[in-house]
Amino acid sequence: MERKDFETWLDNISVTFLSLTDLQKNETLDHLISLSGAVQLRHLSNNLETLLKRDFLKLLPLELSFYLLKWLDPQTLLTCCLVSKQWNKVISACTEVWQTACKNLGWQIDDSVQDALHWKKVYLKAILRMKQLEDHEAFETSSLIGHSARVYALYYKDGLLCTGSDDLSAKLWDVSTGQCVYGIQTHTCAAVKFDEQKLVTGSFDNTVACWEWSSGARTQHFRGHTGAVFSVDYNDELDILVSGSADFTVKVWALSAGTCLNTLTGHTEWVTKVVLQKCKVKSLLHSPGDYILLSADKYEIKIWPIGREINCKCLKTLSVSEDRSICLQPRLHFDGKYIVCSSALGLYQWDFASYDILRVIKTPEIANLALLGFGDVFALLFDNRYLYIMDLRTESLISRWPLPEYRKSKRGSSFLAGEASWLNGLDGHNDTGLVFATSMPDHSIHLVLWKEHG
């Protein structure tokens with residue numbers, strides 16, 4: 001057929017084809033395909049792939065592709081990465097997608113890092129760690145052995161764990177190696193806190209003492225309490241040491257001189273916790289940067305001024321029940337912005353700026369959970385049988401770890417949380433080291449540690 005005649009015929013056929021119903025069009029195409037040979041079928045296959053299987057990620061501008069990808073969940077995105085090298089390249093280059101995926105898992109994000117492939121790898125690492133948490137496989141255990149009597153006091157800092165025992169000694173351990181770094185003779189320790197040079201101990205002999213690690217010498221002795229000293233804290237910058245006692249008082253001492261600067265009264269129960277901490281918010285009574293003294297007994301948390309005025313008054317008292325029907329657990333969290341304490345009613349979080357209760361987190365499935373650590377994303381809790389991780393965004397328990405039969409001190413001194421930065425969000429590097437430590441009936445220390453990534 002001549003070209004001109006063919007074009008005329010094709011125009012007529014096209015007009016007729018367009019007038020058919022969809023069913024008639026389909027039948028016409030089926031008939032034409034049945035009449036086609038190998039050359040026509042190959043031509044049809046090549047052109048259909050171009051028409052029907054358009055690669056929109058290749059055709060769209062990159063910015064528009066990124067916008068569309070943001071609507072897909074991470075698991076779907078990982079599947080899409082398998083479609084082709086081009087898809088994998090585009091999806092792996094979308095920084096915002098992978099940063100958002102990491103944030104949704106509770107991971108800390110450094111927005112200054114704009115390497116999308118880095119965040120994709122972080123996400124894959126995060127998925128593995130979160131699965132380990134859900135499957136109760138994220139931790140491992142170890143023990144420290146060395147004391148010959150019950151261990152009453154623990155304190156952890158920067159990979160080092162201090163233990164104070166009824167065997168009249170205190171030891172400093174390297175958690176990563178399990179080796180004892182220092183061991184010195186002391187009095188009976190009810191509370192301990194340390195830094196590189198010194199150890200401060202509160203004792204059942206009603207005194208506080210300061211010791212030098214390198215020589216083991218007692219460099220200061222603080223006398224004045226008439227009951228056991230259950231909690232100590234100090235600040236070198238202020239040259240102040242504070243102590244809470246079974247005599248219902250809090251004492252403020254000159255750290256270097258050993259003299260008592262003030263005795264704070266008002267508690268009607270053992271003072272089991274004192275905290276010296278910088279304020280990070282403007283409150284009704286403080287400004288950012290001011291040092292705050294908190295003290296707690298089984299019913300109340302008191303906020304005090306750091307001053308040398310005799311008979312100074314408590315600034316604020318917090319409690320969960322006016323009639324004292326509900327006891328507070330002995331652990332207290334204060335980070336300069338929020339005060340958190342647990343009770344039989346749940347976790348109470350106070351806003352330090354206003355002293356108002358921000359929220360009460362209840363765990364109806366498990367009663368009397370005690371607080372170990374509290375962050376922006378996670379909380380670490382425990383009872384007599386398990387260690388728990390709570391996602392604070394959903395207030396749900398996402399993991400648990402079995403604990404041996406340990407001695408749970410009513411004062412909260414014989415157990416503690418380890419590294420705390422991961423509570424503000426995992427980042428792929430802070431899920432290492434000590435998670436939890438407690439003293440055992442056989443005088444050893446039971447450690448729960450993060451397991452290395454698989």
# chains A, B, ... in the order shown; residues from 1 in each chain; ligands from 1
$ select_by_dssp --residues "region 92-286 of chain A" --states "alpha helix (DSSP H)" --output "ChimeraX atom specification"
/A:92,95-104,116-134
$ atom_distance --atom1 "CA of Val435 (chain A)" --atom2 "CA of Ser243 (chain A)"
26.3 Å
$ select_by_dssp --residues "region 126-209 of chain A" --states "strand (DSSP E or B)" --output "PyMOL selection string"
chain A and resi 139-144+151-157+160-165+169-174+179-185+189-194+198-203+207-209
$ residues_around --residues "Thr259 (chain A)" --least-positions-apart "2" --cutoff "12 Å" --atoms "only C-alpha atoms" --output "list of chain:residue names"
A:Val208, A:Gln220, A:His221, A:Phe222, A:Arg223, A:Gly224, A:Asp239, A:Ile240, A:Leu241, A:Val242, A:Lys251, A:Val252, A:Trp253, A:Ala254, A:Leu255, A:Ser256, A:Ala257, A:Leu261, A:Asn262, A:Thr263, A:Arg308
$ write_last_selection --atoms "C-alpha atoms" --output "PDB file, in the first residue's frame"
ATOM      1  CA  VAL A 208      30.069  12.421 106.596  1.00  0.00           C
ATOM      2  CA  GLN A 220      37.699  15.817 106.140  1.00  0.00           C
ATOM      3  CA  HIS A 221      35.202  14.652 108.751  1.00  0.00           C
ATOM      4  CA  PHE A 222      31.773  16.270 109.090  1.00  0.00           C
ATOM      5  CA  ARG A 223      30.136  15.754 112.510  1.00  0.00           C
ATOM      6  CA  GLY A 224      26.746  17.036 113.612  1.00  0.00           C
ATOM      7  CA  ASP A 239      32.533  24.655  98.038  1.00  0.00           C
ATOM      8  CA  ILE A 240      29.365  23.169  99.509  1.00  0.00           C
ATOM      9  CA  LEU A 241      28.395  19.692 100.675  1.00  0.00           C
ATOM     10  CA  VAL A 242      24.811  18.743 101.626  1.00  0.00           C
ATOM     11  CA  LYS A 251      22.790  19.975 106.700  1.00  0.00           C
ATOM     12  CA  VAL A 252      24.798  22.332 104.501  1.00  0.00           C
ATOM     13  CA  TRP A 253      28.571  22.161 105.025  1.00  0.00           C
ATOM     14  CA  ALA A 254      31.657  24.023 103.846  1.00  0.00           C
ATOM     15  CA  LEU A 255      33.275  21.287 101.768  1.00  0.00           C
ATOM     16  CA  SER A 256      36.885  22.371 102.246  1.00  0.00           C
ATOM     17  CA  ALA A 257      36.657  23.529 105.887  1.00  0.00           C
ATOM     18  CA  LEU A 261      26.899  26.301 107.585  1.00  0.00           C
ATOM     19  CA  ASN A 262      23.221  25.541 108.073  1.00  0.00           C
ATOM     20  CA  THR A 263      20.763  22.950 109.346  1.00  0.00           C
ATOM     21  CA  ARG A 308      23.938  30.729 104.916  1.00  0.00           C
TER      22      ARG A 308
END
$ residues_around --residues "Lys120 (chain A)" --least-positions-apart "6" --cutoff "10 Å" --atoms "only C-alpha atoms" --output "list in words"
Pro74, Leu78, Ile91, Ser92, Ala93, Cys94, Thr95, Val97, Trp98, Gln99, Ala101, Cys102 and Ala126 of chain A
$ closest_residue --among "A:Leu449, A:Met1, A:Leu10, A:Val151" --to "Phe415 (chain A)" --atoms "only C-alpha atoms"
A:Val151
$ residues_around --residues "Val200 (chain A)" --least-positions-apart "3" --cutoff "8 Å" --atoms "only C-alpha atoms" --output "number ranges by chain"
A: 192-194, 208-211, 232
$ closest_residue --among "A:Leu397, A:Ile13, A:Val175, A:Ile326" --to "Tyr156 (chain A)" --atoms "only C-alpha atoms"
A:Val175
$ closest_residue --among "A:Leu293, A:Ile366, A:Ala153, A:Cys341" --to "Gln329 (chain A)" --atoms "only C-alpha atoms"
A:Cys341
$ atom_distance --atom1 "CA of Glu140 (chain A)" --atom2 "CA of Pro402 (chain A)"
10.5 Å
$ residues_around --residues "Asp247 (chain A)" --least-positions-apart "5" --cutoff "7 Å" --atoms "only C-alpha atoms" --output "list in words"
His225, Thr226, Gly227 and Trp270 of chain A
$ write_last_selection --atoms "C-alpha atoms" --output "mmCIF file, in the first residue's frame"
data_model
loop_
_atom_site.group_PDB
_atom_site.id
_atom_site.type_symbol
_atom_site.label_atom_id
_atom_site.label_comp_id
_atom_site.auth_asym_id
_atom_site.auth_seq_id
_atom_site.Cartn_x
_atom_site.Cartn_y
_atom_site.Cartn_z
ATOM 1 C CA HIS A 225 23.962 14.682 112.556
ATOM 2 C CA THR A 226 22.295 12.609 115.258
ATOM 3 C CA GLY A 227 21.131 9.886 112.886
ATOM 4 C CA TRP A 270 14.100 10.149 107.257
#
$ residues_around --residues "Thr268 (chain A)" --least-positions-apart "6" --cutoff "12 Å" --atoms "only C-alpha atoms" --output "number ranges by chain"
A: 245-250, 296-302, 324
$ write_last_selection --atoms "N, CA and C atoms" --output "PDB file, in the first residue's frame"
ATOM      1  N   SER A 245      19.604  13.076 106.497  1.00  0.00           N
ATOM      2  CA  SER A 245      19.820  12.123 107.578  1.00  0.00           C
ATOM      3  C   SER A 245      18.531  11.537 108.143  1.00  0.00           C
ATOM      4  N   ALA A 246      18.725  10.455 108.919  1.00  0.00           N
ATOM      5  CA  ALA A 246      17.619   9.836 109.650  1.00  0.00           C
ATOM      6  C   ALA A 246      17.175  10.705 110.818  1.00  0.00           C
ATOM      7  N   ASP A 247      17.909  11.793 111.108  1.00  0.00           N
ATOM      8  CA  ASP A 247      17.475  12.713 112.172  1.00  0.00           C
ATOM      9  C   ASP A 247      16.490  13.754 111.652  1.00  0.00           C
ATOM     10  N   PHE A 248      15.993  13.550 110.407  1.00  0.00           N
ATOM     11  CA  PHE A 248      14.971  14.391 109.771  1.00  0.00           C
ATOM     12  C   PHE A 248      15.506  15.746 109.311  1.00  0.00           C
ATOM     13  N   THR A 249      16.838  15.945 109.310  1.00  0.00           N
ATOM     14  CA  THR A 249      17.388  17.240 108.916  1.00  0.00           C
ATOM     15  C   THR A 249      18.239  17.126 107.658  1.00  0.00           C
ATOM     16  N   VAL A 250      18.444  18.278 107.037  1.00  0.00           N
ATOM     17  CA  VAL A 250      19.403  18.446 105.940  1.00  0.00           C
ATOM     18  C   VAL A 250      20.459  19.430 106.439  1.00  0.00           C
ATOM     19  N   ALA A 296      14.262  14.985  99.988  1.00  0.00           N
ATOM     20  CA  ALA A 296      13.042  14.179  99.912  1.00  0.00           C
ATOM     21  C   ALA A 296      12.992  13.181 101.056  1.00  0.00           C
ATOM     22  N   ASP A 297      11.767  12.988 101.573  1.00  0.00           N
ATOM     23  CA  ASP A 297      11.507  11.883 102.489  1.00  0.00           C
ATOM     24  C   ASP A 297      10.431  11.010 101.858  1.00  0.00           C
ATOM     25  N   LYS A 298       9.804  10.154 102.613  1.00  0.00           N
ATOM     26  CA  LYS A 298       8.856   9.197 102.021  1.00  0.00           C
ATOM     27  C   LYS A 298       7.531   9.835 101.621  1.00  0.00           C
ATOM     28  N   TYR A 299       7.303  11.098 102.030  1.00  0.00           N
ATOM     29  CA  TYR A 299       6.040  11.755 101.691  1.00  0.00           C
ATOM     30  C   TYR A 299       6.201  13.062 100.915  1.00  0.00           C
ATOM     31  N   GLU A 300       7.338  13.751 101.101  1.00  0.00           N
ATOM     32  CA  GLU A 300       7.465  15.107 100.573  1.00  0.00           C
ATOM     33  C   GLU A 300       8.810  15.348  99.886  1.00  0.00           C
ATOM     34  N   ILE A 301       8.788  16.290  98.932  1.00  0.00           N
ATOM     35  CA  ILE A 301      10.002  16.823  98.316  1.00  0.00           C
ATOM     36  C   ILE A 301      10.064  18.303  98.668  1.00  0.00           C
ATOM     37  N   LYS A 302      11.157  18.737  99.248  1.00  0.00           N
ATOM     38  CA  LYS A 302      11.286  20.133  99.658  1.00  0.00           C
ATOM     39  C   LYS A 302      12.365  20.835  98.827  1.00  0.00           C
ATOM     40  N   ARG A 324      -1.009  12.300 103.358  1.00  0.00           N
ATOM     41  CA  ARG A 324       0.120  11.375 103.484  1.00  0.00           C
ATOM     42  C   ARG A 324      -0.302   9.907 103.355  1.00  0.00           C
TER      43      ARG A 324
END
